[in-house]
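final13.csv follows; it contains CSV, C-alpha atoms.
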```csv
chain,number,residue,atom,x,y,z
A,2,MET,CA,-2.3,-23.6,-23.5
A,3,ALA,CA,-3.2,-20.4,-21.7
A,4,THR,CA,-6.7,-18.9,-22.2
A,5,PRO,CA,-6.6,-15.1,-22.6
A,6,GLY,CA,-8.3,-13.3,-19.7
A,7,ARG,CA,-8.4,-16.4,-17.5
A,8,VAL,CA,-7.4,-15.9,-13.9
A,9,VAL,CA,-6.6,-18.8,-11.5
A,10,VAL,CA,-6.5,-17.7,-7.9
A,11,VAL,CA,-4.8,-20.1,-5.5
A,12,GLY,CA,-5.5,-18.8,-2.0
A,13,SER,CA,-7.2,-18.7,1.3
A,14,LEU,CA,-10.9,-19.0,1.9
A,15,ASN,CA,-12.5,-17.9,5.2
A,16,VAL,CA,-15.8,-17.0,6.7
A,17,ASP,CA,-15.7,-13.5,8.2
A,18,SER,CA,-17.5,-12.5,11.4
A,19,THR,CA,-17.6,-8.7,11.7
A,20,SER,CA,-18.7,-6.6,14.6
A,21,TYR,CA,-19.3,-2.8,14.1
A,22,VAL,CA,-18.4,-0.6,17.0
A,23,ALA,CA,-18.1,3.1,17.7
A,24,SER,CA,-14.4,2.8,18.6
A,25,PHE,CA,-12.0,0.0,19.2
A,26,PRO,CA,-11.8,-1.3,22.8
A,27,ALA,CA,-8.7,-0.7,24.9
A,28,PRO,CA,-7.0,-3.8,26.3
A,29,GLY,CA,-9.2,-5.2,28.9
A,30,GLU,CA,-12.2,-3.1,27.9
A,31,THR,CA,-15.6,-4.5,26.7
A,32,VAL,CA,-17.7,-2.6,24.3
A,33,LEU,CA,-21.0,-3.2,22.7
A,34,SER,CA,-21.4,-3.5,18.9
A,35,HIS,CA,-24.1,-1.8,16.9
A,36,GLY,CA,-24.0,-4.3,14.1
A,37,PHE,CA,-22.9,-7.7,13.1
A,38,GLN,CA,-22.4,-9.5,9.8
A,39,VAL,CA,-21.3,-12.9,8.6
A,40,ALA,CA,-19.8,-13.0,5.1
A,41,LEU,CA,-17.4,-14.8,2.8
A,42,GLY,CA,-13.8,-13.8,3.3
A,43,GLY,CA,-10.2,-14.8,3.0
A,44,LYS,CA,-7.8,-13.0,0.6
A,45,GLY,CA,-8.0,-15.8,-2.0
A,46,SER,CA,-11.8,-15.8,-2.2
A,47,ASN,CA,-12.1,-12.0,-1.9
A,48,GLN,CA,-9.7,-11.5,-4.8
A,49,ALA,CA,-11.4,-14.2,-6.9
A,50,VAL,CA,-14.8,-12.5,-6.5
A,51,ALA,CA,-13.3,-9.1,-7.1
A,52,ALA,CA,-11.7,-10.3,-10.4
A,53,HIS,CA,-14.9,-12.0,-11.4
A,54,VAL,CA,-17.3,-9.1,-10.9
A,55,VAL,CA,-15.1,-6.9,-13.2
A,56,GLY,CA,-15.4,-9.4,-15.9
A,57,ALA,CA,-12.6,-12.0,-15.6
A,58,SER,CA,-13.0,-15.7,-16.1
A,59,VAL,CA,-11.9,-16.9,-12.7
A,60,GLU,CA,-11.2,-20.3,-11.0
A,61,LEU,CA,-10.4,-20.5,-7.3
A,62,VAL,CA,-8.2,-23.2,-5.8
A,63,ALA,CA,-8.9,-23.4,-2.1
A,64,ARG,CA,-9.8,-25.6,0.9
A,65,VAL,CA,-12.7,-25.4,3.3
A,66,GLY,CA,-13.8,-27.6,6.2
A,67,ALA,CA,-16.6,-30.2,6.1
A,68,ASP,CA,-18.7,-27.9,8.3
A,69,ALA,CA,-21.6,-25.4,8.1
A,70,ALA,CA,-19.1,-22.6,7.4
A,71,GLY,CA,-17.8,-24.5,4.4
A,72,ASP,CA,-21.3,-25.0,3.1
A,73,TYR,CA,-21.9,-21.3,3.5
A,74,ALA,CA,-18.7,-20.4,1.7
A,75,LEU,CA,-19.5,-22.7,-1.3
A,76,ALA,CA,-23.0,-21.4,-1.5
A,77,THR,CA,-21.8,-17.8,-1.5
A,78,LEU,CA,-19.3,-18.4,-4.3
A,79,ALA,CA,-22.0,-20.1,-6.3
A,80,ARG,CA,-24.3,-17.1,-5.8
A,81,PHE,CA,-21.6,-14.9,-7.5
A,82,GLY,CA,-21.4,-17.4,-10.3
A,83,LEU,CA,-17.9,-18.7,-9.5
A,84,PRO,CA,-17.1,-22.4,-10.2
A,85,THR,CA,-16.3,-24.4,-7.0
A,86,ASP,CA,-14.9,-27.6,-8.5
A,87,ALA,CA,-11.3,-26.7,-7.4
A,88,ILE,CA,-12.3,-26.2,-3.8
A,89,GLY,CA,-11.6,-29.2,-1.7
A,90,ARG,CA,-13.1,-30.1,1.7
A,91,ASP,CA,-11.0,-31.1,4.7
A,92,ALA,CA,-12.8,-33.6,6.9
A,93,ASP,CA,-10.4,-33.0,9.9
A,94,GLY,CA,-10.2,-29.2,10.2
A,95,PRO,CA,-12.6,-26.3,10.3
A,96,THR,CA,-13.2,-23.7,7.6
A,97,GLY,CA,-10.9,-20.7,8.1
A,98,VAL,CA,-12.4,-17.8,10.0
A,99,ALA,CA,-11.6,-14.1,10.5
A,100,GLN,CA,-12.8,-12.1,13.5
A,101,ILE,CA,-13.1,-8.5,12.4
A,102,THR,CA,-13.9,-5.4,14.2
A,103,VAL,CA,-14.8,-2.2,12.3
A,104,ALA,CA,-14.9,1.2,14.0
A,105,ASP,CA,-17.1,4.1,12.9
A,106,SER,CA,-14.0,5.7,11.5
A,107,GLY,CA,-14.0,2.9,8.9
A,108,GLU,CA,-10.7,1.4,10.2
A,109,ASN,CA,-10.6,-2.3,11.2
A,110,THR,CA,-8.7,-5.0,13.1
A,111,ILE,CA,-8.6,-8.6,11.9
A,112,ILE,CA,-7.7,-11.9,13.6
A,113,VAL,CA,-7.4,-14.9,11.2
A,114,THR,CA,-7.6,-18.6,12.1
A,115,GLY,CA,-6.3,-20.6,9.2
A,116,GLY,CA,-8.2,-23.8,9.6
A,117,ALA,CA,-8.5,-25.8,6.3
A,118,ASN,CA,-6.3,-23.2,4.6
A,119,ARG,CA,-3.3,-24.9,6.3
A,120,THR,CA,-4.0,-28.0,4.2
A,121,MET,CA,-3.1,-26.0,1.0
A,122,THR,CA,0.2,-27.8,0.6
A,123,PRO,CA,2.6,-27.9,-2.5
A,124,GLU,CA,1.1,-31.3,-3.3
A,125,VAL,CA,-2.3,-29.7,-3.7
A,126,VAL,CA,-0.8,-27.1,-6.1
A,127,ASP,CA,0.9,-29.9,-8.1
A,128,ALA,CA,-2.5,-31.6,-8.5
A,129,GLU,CA,-3.7,-28.3,-10.2
A,130,ARG,CA,-0.8,-28.1,-12.7
A,131,GLU,CA,-3.1,-28.3,-15.7
A,132,ARG,CA,-5.4,-25.7,-14.4
A,133,ILE,CA,-2.5,-23.3,-13.7
A,134,ALA,CA,-1.0,-24.0,-17.2
A,135,ALA,CA,-4.3,-22.9,-18.8
A,136,ALA,CA,-4.3,-19.5,-17.0
A,137,ALA,CA,-3.2,-16.2,-18.4
A,138,LEU,CA,-2.5,-15.1,-14.9
A,139,VAL,CA,-2.0,-16.8,-11.6
A,140,LEU,CA,-2.7,-14.9,-8.3
A,141,THR,CA,-1.8,-15.9,-4.8
A,142,GLN,CA,-1.4,-14.2,-1.4
A,143,GLY,CA,0.7,-14.4,1.8
A,144,GLU,CA,-2.0,-16.3,3.8
A,145,LEU,CA,-0.9,-19.7,2.4
A,146,PRO,CA,2.1,-21.8,3.6
A,147,VAL,CA,5.4,-20.4,2.3
A,148,ALA,CA,6.3,-23.6,0.5
A,149,THR,CA,3.0,-23.5,-1.3
A,150,ILE,CA,3.5,-20.0,-2.4
A,151,ASP,CA,6.9,-20.9,-3.8
A,152,ARG,CA,5.5,-23.8,-5.6
A,153,ILE,CA,2.7,-21.7,-7.2
A,154,ALA,CA,5.3,-19.3,-8.5
A,155,ALA,CA,7.5,-22.1,-10.0
A,156,LEU,CA,4.5,-23.8,-11.7
A,157,ALA,CA,3.3,-20.5,-13.1
A,158,ALA,CA,6.7,-19.8,-14.5
A,159,GLN,CA,7.0,-23.2,-16.0
A,160,ALA,CA,3.6,-22.7,-17.7
A,161,GLY,CA,4.4,-19.2,-18.9
A,162,ALA,CA,1.6,-17.7,-17.0
A,163,ARG,CA,1.9,-14.2,-15.4
A,164,PHE,CA,2.4,-14.6,-11.7
A,165,VAL,CA,1.0,-11.9,-9.4
A,166,LEU,CA,1.9,-12.1,-5.7
A,167,ASN,CA,0.0,-10.2,-3.0
A,168,LEU,CA,2.4,-10.7,-0.2
A,169,ALA,CA,-0.1,-10.0,2.5
A,170,PRO,CA,0.6,-10.7,5.2
A,171,PRO,CA,4.4,-10.6,4.7
A,172,ALA,CA,5.8,-14.1,4.5
A,173,PRO,CA,9.4,-15.3,4.1
A,174,VAL,CA,9.1,-16.6,0.5
A,175,ALA,CA,12.1,-17.5,-1.6
A,176,VAL,CA,14.0,-14.7,-3.3
A,177,ALA,CA,13.2,-16.5,-6.6
A,178,THR,CA,9.5,-16.3,-5.9
A,179,LEU,CA,9.7,-12.5,-5.4
A,180,ARG,CA,11.7,-12.1,-8.6
A,181,LEU,CA,9.0,-13.9,-10.6
A,182,ALA,CA,6.2,-11.6,-9.2
A,183,ASP,CA,4.8,-9.5,-12.1
A,184,PRO,CA,3.7,-7.5,-10.1
A,185,LEU,CA,4.4,-7.9,-6.4
A,186,VAL,CA,1.5,-6.2,-4.7
A,187,VAL,CA,2.1,-4.8,-1.2
A,188,ASN,CA,1.0,-2.0,1.0
A,189,GLU,CA,3.5,0.3,2.6
A,190,HIS,CA,4.2,-1.9,5.6
A,191,GLU,CA,4.5,-5.0,3.5
A,192,ALA,CA,6.8,-3.1,1.1
A,193,ARG,CA,9.2,-2.2,3.9
A,194,ALA,CA,9.2,-5.8,5.0
A,195,VAL,CA,10.6,-6.9,1.7
A,196,GLY,CA,13.1,-4.0,1.5
A,197,ILE,CA,11.1,-1.5,-0.6
A,198,GLY,CA,10.9,2.1,0.7
A,199,THR,CA,12.9,1.4,3.8
A,200,ASP,CA,14.8,4.7,3.3
A,201,ALA,CA,12.0,6.7,1.7
A,202,ALA,CA,12.2,10.3,2.8
A,203,GLY,CA,8.4,10.6,3.2
A,204,THR,CA,5.1,8.8,2.5
A,205,SER,CA,3.9,10.8,-0.6
A,206,LEU,CA,2.9,9.1,-3.8
A,207,GLU,CA,6.0,10.5,-5.4
A,208,ASP,CA,8.3,9.0,-2.7
A,209,TRP,CA,6.7,5.6,-3.2
A,210,ARG,CA,6.8,5.8,-7.0
A,211,VAL,CA,10.5,6.3,-6.8
A,212,ALA,CA,10.9,3.5,-4.2
A,213,ALA,CA,8.8,1.1,-6.4
A,214,ALA,CA,10.8,1.9,-9.4
A,215,SER,CA,14.1,1.1,-7.6
A,216,ALA,CA,12.8,-2.4,-6.8
A,217,VAL,CA,12.0,-3.4,-10.4
A,218,GLY,CA,14.4,-6.0,-11.6
A,219,THR,CA,16.1,-6.4,-8.2
A,220,ILE,CA,13.2,-7.5,-5.9
A,221,ALA,CA,10.4,-8.2,-8.4
A,222,ARG,CA,9.7,-8.0,-12.1
A,223,SER,CA,7.2,-5.2,-11.4
A,224,VAL,CA,5.9,-3.6,-8.2
A,225,VAL,CA,2.6,-2.1,-7.0
A,226,VAL,CA,2.4,-0.4,-3.7
A,227,THR,CA,-1.1,0.4,-2.3
A,228,LEU,CA,-1.3,3.5,-0.1
A,229,GLY,CA,-4.9,3.5,1.2
A,230,SER,CA,-6.8,6.7,0.7
A,231,ALA,CA,-3.8,8.2,-1.1
A,232,GLY,CA,-4.0,5.7,-4.0
A,233,ALA,CA,-1.3,3.5,-5.3
A,234,VAL,CA,1.9,3.5,-7.3
A,235,ALA,CA,3.2,1.0,-9.9
A,236,ALA,CA,6.5,0.4,-11.6
A,237,SER,CA,7.9,-2.0,-14.3
A,238,ALA,CA,10.7,-2.1,-16.7
A,239,GLY,CA,8.6,0.2,-18.9
A,240,GLY,CA,8.3,3.1,-16.4
A,241,SER,CA,6.6,4.1,-13.1
A,242,TRP,CA,3.3,5.7,-12.3
A,243,ALA,CA,1.3,7.2,-9.5
A,244,ALA,CA,-2.5,6.7,-9.4
A,245,PRO,CA,-4.2,9.0,-6.9
A,246,ALA,CA,-7.4,7.8,-5.3
A,247,PRO,CA,-10.6,9.7,-5.7
A,248,ARG,CA,-11.9,11.3,-2.5
A,249,VAL,CA,-14.8,9.2,-1.0
A,250,ASP,CA,-16.5,8.8,2.3
A,251,ALA,CA,-15.1,5.5,3.7
A,252,VAL,CA,-17.7,3.3,5.5
A,253,ASP,CA,-15.7,0.1,5.9
A,254,THR,CA,-12.1,-0.5,4.6
A,255,THR,CA,-12.3,-4.3,5.2
A,256,GLY,CA,-11.4,-6.2,2.0
A,257,ALA,CA,-10.7,-3.0,0.0
A,258,GLY,CA,-7.2,-4.1,-0.7
A,259,ASP,CA,-8.4,-7.4,-2.0
A,260,GLY,CA,-10.9,-5.6,-4.2
A,261,PHE,CA,-8.0,-3.6,-5.6
A,262,THR,CA,-5.8,-6.7,-6.2
A,263,GLY,CA,-8.6,-8.8,-7.7
A,264,ALA,CA,-9.5,-6.0,-10.1
A,265,LEU,CA,-5.8,-5.4,-10.9
A,266,ALA,CA,-5.4,-9.1,-11.8
A,267,ALA,CA,-8.5,-9.1,-14.0
A,268,PHE,CA,-7.4,-6.1,-16.1
A,269,LEU,CA,-3.8,-7.4,-16.4
A,270,ALA,CA,-5.1,-10.8,-17.5
A,271,GLU,CA,-7.1,-9.3,-20.4
A,272,GLY,CA,-4.1,-7.3,-21.6
A,273,ALA,CA,-4.2,-3.9,-19.9
A,274,ALA,CA,-0.9,-2.2,-19.4
A,275,LEU,CA,0.2,-2.0,-15.7
A,276,GLU,CA,-0.2,1.8,-15.7
A,277,HIS,CA,-3.8,1.5,-16.8
A,278,ALA,CA,-4.6,-1.6,-14.6
A,279,VAL,CA,-3.5,0.1,-11.4
A,280,ARG,CA,-5.7,3.1,-12.2
A,281,PHE,CA,-8.7,0.8,-12.6
A,282,ALA,CA,-7.8,-1.1,-9.4
A,283,VAL,CA,-7.6,2.2,-7.4
A,284,ALA,CA,-11.1,2.9,-8.7
A,285,ALA,CA,-12.3,-0.5,-7.6
A,286,GLY,CA,-10.8,0.0,-4.1
A,287,ALA,CA,-12.4,3.4,-3.8
A,288,LEU,CA,-15.8,2.0,-4.5
A,289,ALA,CA,-15.3,-0.9,-2.1
A,290,VAL,CA,-14.7,1.3,0.9
A,291,GLN,CA,-18.1,3.0,0.4
A,292,ALA,CA,-20.1,-0.1,1.5
A,293,ARG,CA,-20.0,-2.5,4.4
A,294,GLY,CA,-18.5,-5.9,4.1
A,295,THR,CA,-16.1,-7.6,1.8
A,296,VAL,CA,-17.3,-9.4,-1.3
A,297,ASP,CA,-20.6,-7.7,-1.4
A,298,SER,CA,-18.9,-4.3,-1.5
A,299,TYR,CA,-17.1,-5.0,-4.8
A,300,ALA,CA,-18.5,-3.0,-7.7
A,301,PRO,CA,-19.1,-4.4,-11.3
A,302,ARG,CA,-17.0,-3.4,-14.3
A,303,ASP,CA,-19.1,-0.5,-15.6
A,304,ALA,CA,-19.0,1.2,-12.2
A,305,VAL,CA,-15.2,0.7,-11.9
A,306,LEU,CA,-14.6,2.2,-15.4
A,307,ARG,CA,-16.8,5.2,-14.6
A,308,MET,CA,-15.0,5.8,-11.3
A,309,ALA,CA,-11.7,5.6,-13.3
A,310,GLY,CA,-13.1,8.2,-15.7
A,311,LEU,CA,-13.9,5.9,-18.6
A,312,ASP,CA,-17.2,4.8,-20.1
A,313,ALA,CA,-18.4,2.0,-22.5
A,314,SER,CA,-17.3,4.0,-25.6
A,315,ASP,CA,-13.7,4.2,-24.2
A,316,GLU,CA,-13.7,0.5,-23.7
A,317,ARG,CA,-14.9,-0.2,-27.3
A,318,ASP,CA,-12.1,2.1,-28.5
A,319,GLY,CA,-9.5,-0.1,-26.7
A,320,ALA,CA,-8.7,2.3,-23.9
A,321,VAL,CA,-8.8,-0.6,-21.4
A,322,SER,CA,-6.3,-2.9,-23.0
A,323,GLU,CA,-2.7,-2.3,-24.3
```
Show how you would write the structure in this file as structure tokens.
Amino acid sequence: MATPGRVVVVGSLNVDSTSYVASFPAPGETVLSHGFQVALGGKGSNQAVAAHVVGASVELVARVGADAAGDYALATLARFGLPTDAIGRDADGPTGVAQITVADSGENTIIVTGGANRTMTPEVVDAERERIAAAALVLTQGELPVATIDRIAALAAQAGARFVLNLAPPAPVAVATLRLADPLVVNEHEARAVGIGTDAAGTSLEDWRVAAASAVGTIARSVVVTLGSAGAVAASAGGSWAAPAPRVDAVDTTGAGDGFTGALAAFLAEGAALEHAVRFAVAAGALAVQARGTVDSYAPRDAVLRMAGLDASDERDGAVSE
């Protein structure tokens, strides 16, 4: 039986190595960094932490290597208070890694090596059937093998759990998997890869709101499109909405999309309507870009609600949930 508010994230787990530079090197050019950081990463673990820090009960199903990077990843998750009993260790492969470069503009480039994430097979998901069945919401991403993503969607549907798919990076998942997504969460490039917004006249929030609405019931049950500093749009059978982002000074955009998605999942799992959850998620993303790093940039619940224009009294009055 599903537990209200419980989020199960089935996803990737990496260790990020980030270099900070004045500007990105041209092909063949060597530049010196003015900073370096090693941190927990991977869309699965990032989104699990983001959901946890805004108040969700979260379990992460993932794989790491039997190496020092895996030790670091498990210790970091424990520091945040996340359970690690569903994270297996692969004796034959390394922990996944991401090599990240962040320019002074706040923009980034990322190269991911999957490592132990590649051992996240459909059989691993089948072994977590009971855990998935107990979730209010199941969240996964495009960094896992396609067959695994399809299996997660099927098991969530069988259990009656809400299935949220962040198809980043784009992956050729089954049409049935997309149609179960509630919502499908994509940025504008990923949206076009699945046929959303391919003929949009422009890139405004209104253009994307219309495009997202047109995909509801045909591509996915509901749709969220993230648009960076502009904000996000959302659409479901109940309507469509635009959520402009507050203006902030971006320091590092790495992992901000994961901060958005994790917060979105957390608020949906506790019963928030999509139109409200996307507003809170935009606030979480805006806070994340104002600090360096990934998981350590994710703000707690009270800060997210304040950024969204709410306070503790609003939450007590039920403004956060449906």
- Message: If we count all atoms listed in the file and set the cut-off at 9 Å, which residues sit around A:Arg248, ignoring sequence neighbours fewer than 5 positions away in its own chain? Please answer as a list in words.
- Response: Ser230, Ala231 and Ala287 of chain A
Which residues, written as a JSON list (two decimals) with C-alpha atoms, in the frame of the given file, have at least one atom at most 12 Å from stretch 101-107 of chain A, with only C-alpha atoms counted and residues fewer than 4 positions away on the same chain left out?
```
[["chain", "number", "residue", "atom", "x", "y", "z"],
["A", 15, "ASN", "CA", -12.50, -17.90, 5.20],
["A", 16, "VAL", "CA", -15.80, -17.00, 6.70],
["A", 17, "ASP", "CA", -15.70, -13.50, 8.20],
["A", 18, "SER", "CA", -17.50, -12.50, 11.40],
["A", 19, "THR", "CA", -17.60, -8.70, 11.70],
["A", 20, "SER", "CA", -18.70, -6.60, 14.60],
["A", 21, "TYR", "CA", -19.30, -2.80, 14.10],
["A", 22, "VAL", "CA", -18.40, -0.60, 17.00],
["A", 23, "ALA", "CA", -18.10, 3.10, 17.70],
["A", 24, "SER", "CA", -14.40, 2.80, 18.60],
["A", 25, "PHE", "CA", -12.00, 0.00, 19.20],
["A", 26, "PRO", "CA", -11.80, -1.30, 22.80],
["A", 32, "VAL", "CA", -17.70, -2.60, 24.30],
["A", 33, "LEU", "CA", -21.00, -3.20, 22.70],
["A", 34, "SER", "CA", -21.40, -3.50, 18.90],
["A", 35, "HIS", "CA", -24.10, -1.80, 16.90],
["A", 36, "GLY", "CA", -24.00, -4.30, 14.10],
["A", 37, "PHE", "CA", -22.90, -7.70, 13.10],
["A", 38, "GLN", "CA", -22.40, -9.50, 9.80],
["A", 39, "VAL", "CA", -21.30, -12.90, 8.60],
["A", 40, "ALA", "CA", -19.80, -13.00, 5.10],
["A", 42, "GLY", "CA", -13.80, -13.80, 3.30],
["A", 43, "GLY", "CA", -10.20, -14.80, 3.00],
["A", 111, "ILE", "CA", -8.60, -8.60, 11.90],
["A", 112, "ILE", "CA", -7.70, -11.90, 13.60],
["A", 113, "VAL", "CA", -7.40, -14.90, 11.20],
["A", 114, "THR", "CA", -7.60, -18.60, 12.10],
["A", 229, "GLY", "CA", -4.90, 3.50, 1.20],
["A", 230, "SER", "CA", -6.80, 6.70, 0.70],
["A", 249, "VAL", "CA", -14.80, 9.20, -1.00],
["A", 250, "ASP", "CA", -16.50, 8.80, 2.30],
["A", 251, "ALA", "CA", -15.10, 5.50, 3.70],
["A", 252, "VAL", "CA", -17.70, 3.30, 5.50],
["A", 253, "ASP", "CA", -15.70, 0.10, 5.90],
["A", 254, "THR", "CA", -12.10, -0.50, 4.60],
["A", 255, "THR", "CA", -12.30, -4.30, 5.20],
["A", 256, "GLY", "CA", -11.40, -6.20, 2.00],
["A", 257, "ALA", "CA", -10.70, -3.00, 0.00],
["A", 289, "ALA", "CA", -15.30, -0.90, -2.10],
["A", 290, "VAL", "CA", -14.70, 1.30, 0.90],
["A", 291, "GLN", "CA", -18.10, 3.00, 0.40],
["A", 292, "ALA", "CA", -20.10, -0.10, 1.50],
["A", 293, "ARG", "CA", -20.00, -2.50, 4.40],
["A", 294, "GLY", "CA", -18.50, -5.90, 4.10],
["A", 295, "THR", "CA", -16.10, -7.60, 1.80]]
```
- Selection: 10 Å around A:Thr219, all atoms listed in the file, excl. self and same-chain fewer than 4 positions, as a count of residues only: 6
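Between atom CA of A:Pro170 and atom CA of A:Leu306 the interatomic distance comes to 28.7 Å.
Our summary of the geometry notes that atom CA of A:Leu41 is positioned 26.7 Å from atom CA of A:Ala182.
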- Message: So that I can see what lies close to A:Gly198, please list as a list in words the residues with an atom at most 8 Å from it, counting only C-alpha atoms and leaving out residues fewer than 2 positions away in the same chain.
- Response: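 The filter keeps Glu189, Ala192, Arg193, Gly196, Asp200, Ala201, Trp209, Ala212 and Ala213 of chain A.
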- Task: Do a neighbour search on A:Ala158 at 10 Å with all atoms listed in the file, toss out local chain neighbours closer than 2 positions, and write the hits as a list in words.
- Result: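 Listing them by chain and then by number gives Ile133, Ala134, Val139, Arg152, Ile153, Ala154, Ala155, Leu156, Ala160, Gly161, Ala162, Arg163, Phe164, Thr178, Leu181 and Ala182 of chain A.
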- Query: So how far away is atom CA of A:Ser241 from atom CA of A:Ala49, in Å?
  - Reply: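 It comes out at 26.4 Å.
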- Would you be able to write out as a list in words which residues have an atom within 6 Å of (2.0, -7.3, -2.3) in the file's coordinates, counting only C-alpha atoms? Leu166, Asn167, Leu168, Ala169, Leu185, Val186 and Val187 of chain A
Store the residues picked out above in a file with C-alpha atoms, as an mmCIF file, in the frame of the given file.
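Written out: selection-v3.cif:
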```cif
data_model
loop_
_atom_site.group_PDB
_atom_site.id
_atom_site.type_symbol
_atom_site.label_atom_id
_atom_site.label_comp_id
_atom_site.auth_asym_id
_atom_site.auth_seq_id
_atom_site.Cartn_x
_atom_site.Cartn_y
_atom_site.Cartn_z
ATOM 1 C CA LEU A 166 1.900 -12.100 -5.700
ATOM 2 C CA ASN A 167 0.000 -10.200 -3.000
ATOM 3 C CA LEU A 168 2.400 -10.700 -0.200
ATOM 4 C CA ALA A 169 -0.100 -10.000 2.500
ATOM 5 C CA LEU A 185 4.400 -7.900 -6.400
ATOM 6 C CA VAL A 186 1.500 -6.200 -4.700
ATOM 7 C CA VAL A 187 2.100 -4.800 -1.200
#
```
Contacts between stretch 117-121 of chain A and stretch 136-250 of chain A, please, where a residue of stretch 136-250 of chain A counts if it comes within 10 Å (with all atoms listed in the file); show its shortest atom pair and distance in Å to one decimal, rows by chain and ascending number, as a tab-separated table.
```
residue	atom	partner	partner_atom	distance
A:Glu144	CA	A:Asn118	CA	8.2
A:Leu145	CA	A:Asn118	CA	6.8
A:Pro146	CA	A:Arg119	CA	6.8
A:Ala148	CA	A:Met121	CA	9.7
A:Thr149	CA	A:Met121	CA	7.0
A:Ile150	CA	A:Met121	CA	9.5
```
- Message: Nearest residue to A:Asn47 out of A:Gly239, A:Gly29, A:Gly12, A:Gly89, using all atoms listed in the file?
- Response: A:Gly12
